[in-house]
file work35.txt (compact mmCIF, C-alpha atoms)
# COMPACT_ATOMS: atom_id res chain seq x y z
CA MET A 1 64.42 46.03 196.67
CA HIS A 2 66.76 46.80 199.51
CA ALA A 3 67.54 50.47 199.59
CA GLY A 4 69.82 50.27 202.58
CA ALA A 5 73.37 49.77 203.73
CA ALA A 6 74.67 52.78 201.86
CA GLY A 7 74.42 55.17 204.81
CA PRO A 8 73.93 58.92 204.59
CA GLY A 9 77.51 59.55 203.42
CA ALA A 10 77.16 57.18 200.49
CA ARG A 11 73.78 58.64 199.58
CA SER A 12 75.22 62.14 199.58
CA GLU A 13 78.16 61.14 197.37
CA LEU A 14 76.04 59.16 194.92
CA THR A 15 73.53 62.00 194.76
CA ARG A 16 76.34 64.48 194.10
CA LEU A 17 77.76 62.29 191.35
CA ARG A 18 74.33 61.79 189.83
CA THR A 19 73.73 65.55 189.73
CA HIS A 20 77.10 66.19 188.12
CA LEU A 21 76.95 63.38 185.58
CA VAL A 22 73.33 63.88 184.54
CA GLY A 23 74.03 67.60 184.25
CA TRP A 24 76.92 66.82 181.90
CA LEU A 25 74.64 64.50 179.90
CA THR A 26 71.77 66.97 179.47
CA GLN A 27 73.72 70.22 179.22
CA SER A 28 76.72 69.02 177.20
CA ALA A 29 76.48 65.52 175.70
CA TYR A 30 72.94 65.47 174.32
CA PRO A 31 73.22 68.96 172.78
CA ARG A 32 76.65 68.17 171.28
CA TRP A 33 75.60 64.84 169.75
CA ALA A 34 72.24 66.19 168.54
CA GLU A 35 74.04 69.03 166.73
CA GLN A 36 77.19 67.32 165.48
CA GLY A 37 76.40 63.61 165.78
CA VAL A 38 73.36 63.54 163.49
CA ASP A 39 73.92 63.81 159.75
CA PRO A 40 71.83 66.81 158.63
CA ARG A 41 71.42 65.34 155.14
CA ASN A 42 69.66 62.13 156.10
CA GLY A 43 69.27 61.83 159.88
CA GLY A 44 71.85 59.05 160.24
CA PHE A 45 74.24 58.99 163.18
CA VAL A 46 77.95 59.62 162.70
CA GLU A 47 80.54 57.11 163.87
CA ALA A 48 82.54 59.45 166.13
CA LEU A 49 83.31 63.05 167.08
CA ASP A 50 86.84 64.36 167.29
CA GLN A 51 88.13 66.12 170.39
CA ASN A 52 87.16 69.45 168.85
CA GLY A 53 83.55 68.25 168.81
CA GLY A 54 83.29 67.84 165.05
CA ALA A 55 81.93 64.84 163.13
CA LEU A 56 84.40 62.48 161.51
CA VAL A 57 83.79 61.36 157.94
CA ALA A 58 84.18 57.62 158.42
CA PRO A 59 82.41 54.33 157.73
CA ARG A 60 79.45 53.77 160.05
CA ARG A 61 78.92 50.49 161.82
CA ALA A 62 75.36 49.22 161.92
CA ARG A 63 75.39 49.02 165.71
CA VAL A 64 75.89 52.78 166.06
CA HIS A 65 72.40 53.66 164.82
CA PRO A 66 70.24 51.57 167.19
CA ARG A 67 72.57 52.45 170.06
CA GLN A 68 72.05 56.15 169.38
CA ILE A 69 68.31 55.57 169.04
CA TYR A 70 68.43 53.97 172.50
CA ALA A 71 70.48 56.84 173.92
CA PHE A 72 68.26 59.62 172.59
CA ALA A 73 65.04 57.74 173.39
CA ALA A 74 66.09 57.86 177.06
CA ALA A 75 66.73 61.61 177.01
CA PRO A 76 63.30 62.74 178.31
CA ARG A 77 63.75 60.80 181.55
CA PHE A 78 66.77 62.97 182.31
CA GLY A 79 64.92 66.17 181.45
CA TRP A 80 66.60 66.98 178.14
CA PRO A 81 64.20 69.19 176.15
CA GLY A 82 65.48 68.38 172.65
CA ASP A 83 63.39 67.03 169.78
CA VAL A 84 63.73 63.34 170.64
CA VAL A 85 60.89 62.20 168.39
CA ARG A 86 62.45 63.78 165.32
CA ILE A 87 65.93 62.39 166.08
CA VAL A 88 64.72 58.87 166.84
CA ASP A 89 62.33 58.75 163.90
CA ALA A 90 64.95 59.96 161.42
CA GLY A 91 67.57 57.63 162.87
CA LEU A 92 65.30 54.60 162.60
CA ARG A 93 64.35 55.48 159.03
CA TYR A 94 68.02 55.88 158.08
CA PHE A 95 69.02 52.59 159.71
CA THR A 96 66.19 50.74 157.98
CA SER A 97 66.83 52.33 154.58
CA TYR A 98 70.59 51.83 154.42
CA TYR A 99 71.29 48.75 156.54
CA ARG A 100 68.29 46.43 156.12
CA ARG A 101 68.97 43.74 153.54
CA ALA A 102 66.38 42.14 151.29
CA ASP A 103 66.15 39.16 153.66
CA GLY A 104 65.26 41.41 156.62
CA LEU A 105 68.63 41.14 158.37
CA PHE A 106 70.91 44.14 158.82
CA ARG A 107 74.30 44.52 157.11
CA THR A 108 77.24 45.41 159.30
CA LEU A 109 78.91 48.44 157.66
CA ALA A 110 78.17 51.30 155.27
CA ASP A 111 80.05 54.42 154.27
CA HIS A 112 79.01 57.91 155.33
CA ALA A 113 76.73 58.15 152.27
CA GLY A 114 74.99 54.84 153.01
CA ALA A 115 76.74 52.60 150.44
CA SER A 116 77.35 49.08 151.70
CA LEU A 117 80.94 48.29 152.70
CA ASP A 118 80.29 44.94 154.40
CA ASP A 119 77.07 43.14 153.55
CA ARG A 120 77.45 40.37 156.11
CA ALA A 121 74.78 39.98 158.78
CA LEU A 122 76.31 39.67 162.27
CA LEU A 123 74.33 38.46 165.28
CA TYR A 124 75.73 41.40 167.26
CA ASP A 125 74.09 43.91 164.94
CA GLN A 126 70.75 42.09 164.87
CA ALA A 127 70.70 42.19 168.68
CA PHE A 128 71.12 45.96 168.66
CA ALA A 129 68.47 46.31 165.98
CA LEU A 130 66.05 44.63 168.39
CA LEU A 131 67.15 46.92 171.22
CA GLY A 132 66.77 50.00 169.04
CA LEU A 133 63.26 48.97 168.04
CA ALA A 134 62.32 48.57 171.70
CA ALA A 135 63.62 52.05 172.49
CA ALA A 136 61.94 53.56 169.43
CA SER A 137 58.62 51.96 170.34
CA ARG A 138 58.54 54.05 173.50
CA ALA A 139 59.92 57.27 172.08
CA LEU A 140 57.59 57.20 169.07
CA ASP A 141 54.59 55.68 170.88
CA ALA A 142 54.58 52.93 168.27
CA ARG A 143 54.78 49.71 170.22
CA ALA A 144 52.61 47.58 167.92
CA GLU A 145 54.49 48.51 164.75
CA CYS A 146 57.94 48.25 166.33
CA GLU A 147 57.12 44.91 167.95
CA ARG A 148 55.85 43.56 164.65
CA ARG A 149 59.16 44.45 163.06
CA ALA A 150 61.08 43.05 166.03
CA LEU A 151 59.22 39.74 165.84
CA GLU A 152 60.00 39.46 162.13
CA LEU A 153 63.67 40.03 162.88
CA ARG A 154 63.62 37.58 165.79
CA ALA A 155 62.23 34.90 163.47
CA GLN A 156 64.99 35.59 160.96
CA ILE A 157 67.60 35.36 163.71
CA GLU A 158 66.25 31.92 164.61
CA ARG A 159 66.30 30.78 161.00
CA ARG A 160 69.63 32.22 159.92
CA PHE A 161 71.74 32.09 163.08
CA GLY A 162 70.30 29.11 164.97
CA THR A 163 72.25 25.86 165.35
CA SER A 164 71.38 22.36 166.47
CA ASP A 165 72.96 22.87 169.91
CA GLY A 166 71.07 26.08 170.68
CA VAL A 167 74.02 28.47 170.49
CA PHE A 168 73.67 31.07 167.76
CA ARG A 169 76.41 31.45 165.16
CA SER A 170 78.01 34.88 165.10
CA CYS A 171 77.58 35.45 161.34
CA ALA A 172 74.72 34.36 159.11
CA GLU A 173 77.16 33.61 156.32
CA SER A 174 79.57 31.35 158.24
CA ASP A 175 79.56 28.63 160.87
CA GLY A 176 82.81 29.32 162.71
CA ASP A 177 83.44 30.01 166.37
CA ARG A 178 80.67 31.03 168.76
CA GLU A 179 80.91 34.27 170.75
CA SER A 180 79.34 35.15 174.08
CA ASN A 181 79.12 38.90 173.45
CA PRO A 182 76.38 38.85 170.76
CA HIS A 183 74.32 36.54 172.96
CA MET A 184 74.71 38.98 175.84
CA HIS A 185 73.31 41.84 173.78
CA LEU A 186 70.56 39.61 172.43
CA LEU A 187 69.62 38.90 176.05
CA GLU A 188 69.61 42.64 176.76
CA ALA A 189 67.27 43.28 173.84
CA CYS A 190 64.91 40.46 174.78
CA LEU A 191 64.77 41.69 178.38
CA GLY A 192 63.81 45.10 177.04
CA TRP A 193 61.03 43.62 174.92
CA ALA A 194 59.87 41.32 177.76
CA GLU A 195 59.17 44.47 179.79
CA ILE A 196 57.01 46.17 177.15
CA GLY A 197 56.06 43.65 174.47
CA ALA A 198 52.84 41.71 174.00
CA ASP A 199 54.49 38.52 172.78
CA GLY A 200 55.26 35.91 175.45
CA GLY A 201 58.13 34.60 173.37
CA TRP A 202 60.38 37.40 174.64
CA ALA A 203 60.41 35.87 178.12
CA ASP A 204 61.12 32.46 176.58
CA TRP A 205 64.12 33.89 174.77
CA VAL A 206 65.33 35.50 178.00
CA ARG A 207 65.31 32.11 179.71
CA ARG A 208 66.96 30.47 176.72
CA LEU A 209 69.79 33.02 176.59
CA ILE A 210 70.38 32.94 180.34
CA HIS A 211 70.64 29.15 180.10
CA LEU A 212 73.29 29.53 177.40
CA GLY A 213 75.17 32.03 179.51
CA LEU A 214 75.21 29.73 182.51
CA ASN A 215 75.93 26.51 180.67
CA ARG A 216 77.98 27.46 177.62
CA PHE A 217 79.78 30.75 178.23
CA ILE A 218 80.85 30.57 181.88
CA ARG A 219 84.16 28.75 181.82
CA ALA A 220 84.48 25.66 184.00
CA ASP A 221 88.11 26.42 184.86
CA ASN A 222 87.67 29.85 186.42
CA GLY A 223 83.95 30.72 186.65
CA ALA A 224 84.30 33.72 184.33
CA ILE A 225 82.47 34.53 181.11
CA GLY A 226 84.72 33.66 178.19
CA GLU A 227 84.65 35.43 174.85
CA ALA A 228 85.09 32.89 172.04
CA PHE A 229 84.22 29.21 171.81
CA LEU A 230 84.37 26.37 169.33
CA PRO A 231 81.10 24.77 168.15
CA SER A 232 81.99 21.93 170.56
CA GLY A 233 81.67 24.33 173.48
CA GLN A 234 85.39 24.41 174.30
CA PRO A 235 87.24 27.75 174.34
CA ALA A 236 88.40 28.80 170.88
CA ASP A 237 91.97 28.18 169.83
CA GLY A 238 94.67 30.77 170.46
CA LEU A 239 94.28 34.14 172.14
CA PRO A 240 90.50 34.60 171.48
CA GLY A 241 89.76 31.53 173.61
CA ARG A 242 91.89 32.81 176.48
CA LEU A 243 90.46 36.32 176.82
CA ILE A 244 88.38 37.42 179.80
CA GLU A 245 86.96 40.94 179.66
CA PRO A 246 86.13 42.57 183.03
CA GLY A 247 83.50 44.76 181.37
CA HIS A 248 81.61 41.71 180.18
CA GLN A 249 81.67 40.11 183.63
CA PHE A 250 79.86 43.21 184.92
CA GLU A 251 77.51 43.36 181.95
CA TRP A 252 76.45 39.72 182.19
CA ALA A 253 75.99 40.10 185.96
CA TRP A 254 73.69 43.09 185.46
CA LEU A 255 71.63 41.17 182.91
CA LEU A 256 71.38 38.07 185.11
CA LEU A 257 70.13 40.20 187.99
CA ARG A 258 67.57 41.83 185.70
CA GLY A 259 66.43 38.48 184.34
CA GLU A 260 66.26 36.58 187.63
CA ALA A 261 62.50 37.05 187.97
CA LEU A 262 61.95 35.23 184.67
CA TYR A 263 64.28 32.32 185.40
CA PRO A 264 63.31 29.20 187.41
CA VAL A 265 66.34 29.22 189.73
CA SER A 266 68.20 31.97 191.57
CA LEU A 267 70.89 33.76 189.58
CA ARG A 268 72.11 35.89 192.47
CA GLU A 269 75.26 33.99 193.39
CA THR A 270 76.37 33.61 189.79
CA ALA A 271 75.99 37.34 189.24
CA ARG A 272 77.87 38.10 192.46
CA ARG A 273 80.73 35.84 191.38
CA LEU A 274 81.00 37.57 188.02
CA ILE A 275 81.04 40.98 189.71
CA ALA A 276 83.75 39.78 192.08
CA ILE A 277 85.89 38.51 189.18
CA GLY A 278 85.54 41.78 187.31
CA ASN A 279 86.16 43.97 190.35
CA GLU A 280 88.86 42.02 192.18
CA ALA A 281 90.85 40.73 189.20
CA GLY A 282 90.05 43.31 186.55
CA VAL A 283 90.35 46.68 188.29
CA ARG A 284 93.75 48.38 188.33
CA ASN A 285 94.41 51.98 189.38
CA GLN A 286 90.69 52.49 190.10
CA VAL A 287 89.56 51.52 186.59
CA ALA A 288 88.44 48.29 184.94
CA VAL A 289 91.03 47.25 182.36
CA ASN A 290 90.19 46.03 178.89
CA ALA A 291 91.18 42.37 179.07
CA MET A 292 92.68 39.57 181.14
CA LEU A 293 93.71 36.03 180.33
CA GLU A 294 92.14 32.87 181.71
CA ASP A 295 94.46 32.92 184.75
CA PHE A 296 93.31 36.51 185.44
CA SER A 297 96.67 38.01 184.56
CA ILE A 298 96.30 41.34 182.78
CA HIS A 299 96.46 41.12 179.00
CA ASP A 300 95.44 44.66 178.00
CA PRO A 301 96.05 47.17 180.82
CA ASN A 302 94.43 50.07 178.99
CA ALA A 303 90.97 51.02 180.23
CA ARG A 304 88.26 52.11 177.83
CA LEU A 305 85.37 54.16 179.17
CA TRP A 306 82.65 51.58 178.52
CA PRO A 307 83.80 48.94 181.10
CA GLN A 308 83.54 51.63 183.78
CA THR A 309 79.87 52.14 182.89
CA GLU A 310 79.15 48.42 183.15
CA ARG A 311 80.90 48.26 186.53
CA LEU A 312 78.60 51.01 187.77
CA LYS A 313 75.44 49.32 186.47
CA ALA A 314 76.28 45.95 188.02
CA ALA A 315 77.32 47.44 191.35
CA LEU A 316 74.21 49.59 191.63
CA LEU A 317 71.76 46.82 190.83
CA ALA A 318 73.55 44.40 193.19
CA ALA A 319 73.47 47.08 195.89
CA ARG A 320 69.77 47.71 195.42
CA LEU A 321 68.95 43.99 195.49
CA THR A 322 71.18 42.94 198.39
CA GLY A 323 71.62 46.13 200.41
CA GLU A 324 75.28 45.25 200.93
CA ALA A 325 77.58 48.17 201.66
CA HIS A 326 80.50 46.99 199.55
CA TYR A 327 78.38 47.21 196.39
CA TRP A 328 77.49 50.80 197.19
CA ARG A 329 81.19 51.56 197.68
CA MET A 330 81.94 49.87 194.36
CA ALA A 331 79.26 52.00 192.71
CA GLN A 332 80.78 55.19 194.13
CA ALA A 333 84.23 54.19 192.88
CA ALA A 334 82.86 53.33 189.44
CA ALA A 335 80.89 56.57 189.10
CA SER A 336 83.89 58.60 190.24
CA SER A 337 86.04 56.88 187.63
CA PHE A 338 83.94 58.51 184.87
CA LEU A 339 85.17 61.99 185.72
CA PRO A 340 88.65 61.96 184.12
CA TYR A 341 87.19 60.61 180.88
CA LEU A 342 84.80 63.56 180.69
CA ARG A 343 87.38 66.30 181.36
CA THR A 344 87.72 67.26 177.72
CA ALA A 345 88.54 70.63 176.20
CA VAL A 346 85.20 70.62 174.37
CA ALA A 347 82.16 69.76 176.47
CA GLY A 348 80.01 66.77 175.54
CA VAL A 349 82.66 64.44 174.14
CA TRP A 350 84.85 62.01 176.08
CA PHE A 351 88.19 60.32 176.10
CA ASP A 352 87.81 56.70 175.10
CA VAL A 353 90.99 55.17 176.56
CA GLN A 354 92.89 55.67 179.80
CA LEU A 355 96.48 54.41 179.78
CA PRO A 356 97.99 52.57 182.79
CA SER A 357 99.78 55.82 183.71
CA GLY A 358 96.42 57.53 184.14
CA GLU A 359 96.95 59.63 181.01
CA MET A 360 94.03 59.89 178.60
CA LEU A 361 94.67 58.96 174.98
CA ASP A 362 93.88 61.82 172.62
CA SER A 363 91.52 60.05 170.25
CA PRO A 364 87.98 60.49 168.86
CA ALA A 365 84.91 59.85 171.01
CA PRO A 366 83.02 56.84 169.60
CA ALA A 367 79.30 57.40 169.23
CA SER A 368 78.68 53.84 170.41
CA THR A 369 79.82 54.75 173.95
CA LEU A 370 76.86 57.09 174.53
CA TYR A 371 74.62 54.03 174.85
CA HIS A 372 76.83 52.75 177.69
CA LEU A 373 76.86 56.12 179.44
CA VAL A 374 73.10 56.59 179.19
CA GLY A 375 72.41 53.09 180.52
CA ALA A 376 74.72 53.61 183.47
CA LEU A 377 73.32 57.03 184.33
CA ALA A 378 69.77 55.67 184.12
CA GLU A 379 70.74 53.03 186.69
CA LEU A 380 72.37 55.71 188.87
CA ASP A 381 69.34 57.96 188.54
CA GLN A 382 67.04 55.15 189.66
CA ALA A 383 69.28 54.17 192.58
CA VAL A 384 69.46 57.73 193.88
CA ALA A 385 65.70 58.16 193.52
CA GLU A 386 64.96 55.21 195.82
CA PRO A 387 64.85 55.82 199.57
CA PHE A 388 68.01 54.88 201.46
CA SER A 389 68.11 53.23 204.85
CA ALA A 390 70.90 52.51 207.29
CA GLN A 391 69.45 49.08 208.01
CA ARG A 392 70.94 45.85 206.71
call {"tool": "encode", "arguments": {"input": "work35.txt", "output": "structure tokens"}}
result
Amino acid sequence: MHAGAAGPGARSELTRLRTHLVGWLTQSAYPRWAEQGVDPRNGGFVEALDQNGGALVAPRRARVHPRQIYAFAAAPRFGWPGDVVRIVDAGLRYFTSYYRRADGLFRTLADHAGASLDDRALLYDQAFALLGLAAASRALDARAECERRALELRAQIERRFGTSDGVFRSCAESDGDRESNPHMHLLEACLGWAEIGADGGWADWVRRLIHLGLNRFIRADNGAIGEAFLPSGQPADGLPGRLIEPGHQFEWAWLLLRGEALYPVSLRETARRLIAIGNEAGVRNQVAVNAMLEDFSIHDPNARLWPQTERLKAALLAARLTGEAHYWRMAQAAASSFLPYLRTAVAGVWFDVQLPSGEMLDSPAPASTLYHLVGALAELDQAVAEPFSAQR
């Protein structure tokens, strides 16, 4: 990879930001979420912490558990000395016990005691189950067992969510609109398994999902990833079919750059275009907003924390691959944008939403965001670790 074009000033700033942000992660976030974010009764992960750092008693989405497994499984790379094996093992057992249905798919919602509140199986949640199994396989040194379970789930996804046109339905129990977002996370999970798994089918699924992204989810009218589509392939009716999320432009770009080595044609220009759409049309007041419309006018000017993490990941990987200075500058801006979200009265939580005024909304910190933060800081950690050069 190109390490260059950042220059010594950029390296110093990125290194400073990495030190600060990873220090916050290991000294504040991991200890806080290990103490308050894990249910001491059963090892399950709570849905959110309030701004006082305490756990909320609330229904728990399925996606929270594999995301937290992913986040804690990555902790040793940052130097956190906590008991990762215990946390990941208990979390996986809880997720399997309370969310796995008789058919092997995972239900979408349970209450804090584990009772089912929504028994539907969503593609989105199956994708994160695969990602969580990949993370657990490393943390628990159990690749064979976790891959066996992942392959069983992958087969069920094919059977229960597959359609004649190759696009997966979003819910096993219905055949309505198609959504790009679950496919994106399914691609992320398959990329993770392609890196560590023994089954060659993971790479096949990566190619299949990239093909869908390029040919079904990138809109012909504006080159952006859309959110919701009819089975015919046209954008869905009403507002869902008009939405463009800047965070998803960055996230798809990052995944395309990761998957390029497995795909028969270059994905570089497509990824660059998605990054440009997200950064040029979707960033206001130094932060990526929640949503635009198909003409790139702003629909939701609030800015959640997670799109900022995806902006950082995409910018860093593009910078490392191309060596272009403007991606390094974008990465610095994205990493700097984290800081106001983390200036909380209690260390280790975060503000979830920044208003257009720059004010932070006083609301709970969703557990699901830790996965985004950890992924972004892993990308930053890797970028800073590589040698820099002033050459283009």
call {"tool": "atom_distance", "arguments": {"input": "work35.txt", "atom1": "CA of Thr270 in chain A", "atom2": "CA of His326 in chain A"}}
result
17.1 Å
call {"tool": "axis_aligned_box", "arguments": {"input": "work35.txt", "around": "range 53-70 of chain A", "padding_each_side": "6 Å", "output": "AutoDock Vina command-line options"}}
result
--center_x 76.4 --center_y 58.6 --center_z 165.1 --size_x 28.1 --size_y 31.2 --size_z 26.8
call {"tool": "atom_distance", "arguments": {"input": "work35.txt", "atom1": "CA of Met292 in chain A", "atom2": "CA of Gly358 in chain A"}}
result
18.6 Å
call {"tool": "residues_near_point", "arguments": {"input": "work35.txt", "point": "(86.7, 40.1, 185.8)", "cutoff": "8 Å", "atoms": "all atoms listed in the file", "output": "PyMOL selection string"}}
result
chain A and resi 224+244-250+274-283+292+296
call {"tool": "residues_around", "arguments": {"input": "work35.txt", "residues": "Val349 in chain A", "least_positions_apart": "2", "cutoff": "9 Å", "atoms": "only C-alpha atoms", "output": "MDAnalysis selection string"}}
result
chainID A and resid 28:29 32:33 49:53 341:347 351 364:366
call {"tool": "atom_distance", "arguments": {"input": "work35.txt", "atom1": "CA of Asn302 in chain A", "atom2": "CA of Leu377 in chain A"}}
result
22.9 Å
call {"tool": "closest_residue", "arguments": {"input": "work35.txt", "among": "A:Ala253, A:Ala75, A:Leu262, A:Leu293", "to": "Gly238 in chain A", "atoms": "only C-alpha atoms"}}
result
A:Leu293
call {"tool": "residues_near_point", "arguments": {"input": "work35.txt", "point": "(72.8, 39.3, 189.6)", "cutoff": "12 Å", "atoms": "all atoms listed in the file", "output": "number ranges by chain"}}
result
A: 210, 249-261, 263, 265-276, 313-322, 327
call {"tool": "residues_around", "arguments": {"input": "work35.txt", "residues": "Phe338 in chain A", "least_positions_apart": "3", "cutoff": "10 Å", "atoms": "all atoms listed in the file", "output": "compact mmCIF listing (two decimals) with C-alpha atoms, in the frame of the given file"}}
result
# COMPACT_ATOMS: atom_id res chain seq x y z
CA LEU A 17 77.76 62.29 191.35
CA LEU A 21 76.95 63.38 185.58
CA VAL A 287 89.56 51.52 186.59
CA LEU A 305 85.37 54.16 179.17
CA TRP A 306 82.65 51.58 178.52
CA GLN A 308 83.54 51.63 183.78
CA THR A 309 79.87 52.14 182.89
CA LEU A 312 78.60 51.01 187.77
CA ALA A 333 84.23 54.19 192.88
CA ALA A 334 82.86 53.33 189.44
CA ALA A 335 80.89 56.57 189.10
CA TYR A 341 87.19 60.61 180.88
CA LEU A 342 84.80 63.56 180.69
CA ARG A 343 87.38 66.30 181.36
CA TRP A 350 84.85 62.01 176.08
CA PHE A 351 88.19 60.32 176.10
CA LEU A 373 76.86 56.12 179.44
call {"tool": "residues_around", "arguments": {"input": "work35.txt", "residues": "Phe45 in chain A", "least_positions_apart": "6", "cutoff": "12 Å", "atoms": "only C-alpha atoms", "output": "PDB file with C-alpha atoms, in the frame of the given file"}}
result
ATOM      1  CA  TRP A  33      75.600  64.840 169.750  1.00  0.00           C
ATOM      2  CA  ALA A  34      72.240  66.190 168.540  1.00  0.00           C
ATOM      3  CA  GLU A  35      74.040  69.030 166.730  1.00  0.00           C
ATOM      4  CA  GLN A  36      77.190  67.320 165.480  1.00  0.00           C
ATOM      5  CA  GLY A  37      76.400  63.610 165.780  1.00  0.00           C
ATOM      6  CA  VAL A  38      73.360  63.540 163.490  1.00  0.00           C
ATOM      7  CA  ASP A  39      73.920  63.810 159.750  1.00  0.00           C
ATOM      8  CA  ALA A  55      81.930  64.840 163.130  1.00  0.00           C
ATOM      9  CA  LEU A  56      84.400  62.480 161.510  1.00  0.00           C
ATOM     10  CA  VAL A  57      83.790  61.360 157.940  1.00  0.00           C
ATOM     11  CA  ALA A  58      84.180  57.620 158.420  1.00  0.00           C
ATOM     12  CA  PRO A  59      82.410  54.330 157.730  1.00  0.00           C
ATOM     13  CA  ARG A  60      79.450  53.770 160.050  1.00  0.00           C
ATOM     14  CA  ARG A  61      78.920  50.490 161.820  1.00  0.00           C
ATOM     15  CA  ALA A  62      75.360  49.220 161.920  1.00  0.00           C
ATOM     16  CA  ARG A  63      75.390  49.020 165.710  1.00  0.00           C
ATOM     17  CA  VAL A  64      75.890  52.780 166.060  1.00  0.00           C
ATOM     18  CA  HIS A  65      72.400  53.660 164.820  1.00  0.00           C
ATOM     19  CA  PRO A  66      70.240  51.570 167.190  1.00  0.00           C
ATOM     20  CA  ARG A  67      72.570  52.450 170.060  1.00  0.00           C
ATOM     21  CA  GLN A  68      72.050  56.150 169.380  1.00  0.00           C
ATOM     22  CA  ILE A  69      68.310  55.570 169.040  1.00  0.00           C
ATOM     23  CA  ALA A  71      70.480  56.840 173.920  1.00  0.00           C
ATOM     24  CA  PHE A  72      68.260  59.620 172.590  1.00  0.00           C
ATOM     25  CA  ILE A  87      65.930  62.390 166.080  1.00  0.00           C
ATOM     26  CA  VAL A  88      64.720  58.870 166.840  1.00  0.00           C
ATOM     27  CA  ASP A  89      62.330  58.750 163.900  1.00  0.00           C
ATOM     28  CA  ALA A  90      64.950  59.960 161.420  1.00  0.00           C
ATOM     29  CA  GLY A  91      67.570  57.630 162.870  1.00  0.00           C
ATOM     30  CA  LEU A  92      65.300  54.600 162.600  1.00  0.00           C
ATOM     31  CA  ARG A  93      64.350  55.480 159.030  1.00  0.00           C
ATOM     32  CA  TYR A  94      68.020  55.880 158.080  1.00  0.00           C
ATOM     33  CA  PHE A  95      69.020  52.590 159.710  1.00  0.00           C
ATOM     34  CA  TYR A  98      70.590  51.830 154.420  1.00  0.00           C
ATOM     35  CA  ALA A 110      78.170  51.300 155.270  1.00  0.00           C
ATOM     36  CA  ASP A 111      80.050  54.420 154.270  1.00  0.00           C
ATOM     37  CA  HIS A 112      79.010  57.910 155.330  1.00  0.00           C
ATOM     38  CA  ALA A 113      76.730  58.150 152.270  1.00  0.00           C
ATOM     39  CA  GLY A 114      74.990  54.840 153.010  1.00  0.00           C
ATOM     40  CA  PRO A 366      83.020  56.840 169.600  1.00  0.00           C
ATOM     41  CA  ALA A 367      79.300  57.400 169.230  1.00  0.00           C
ATOM     42  CA  SER A 368      78.680  53.840 170.410  1.00  0.00           C
ATOM     43  CA  LEU A 370      76.860  57.090 174.530  1.00  0.00           C
TER      44      LEU A 370
END
call {"tool": "closest_residue", "arguments": {"input": "work35.txt", "among": "A:Ser12, A:Arg207, A:Leu105, A:Arg77", "to": "Leu25 in chain A", "atoms": "only C-alpha atoms"}}
result
A:Arg77
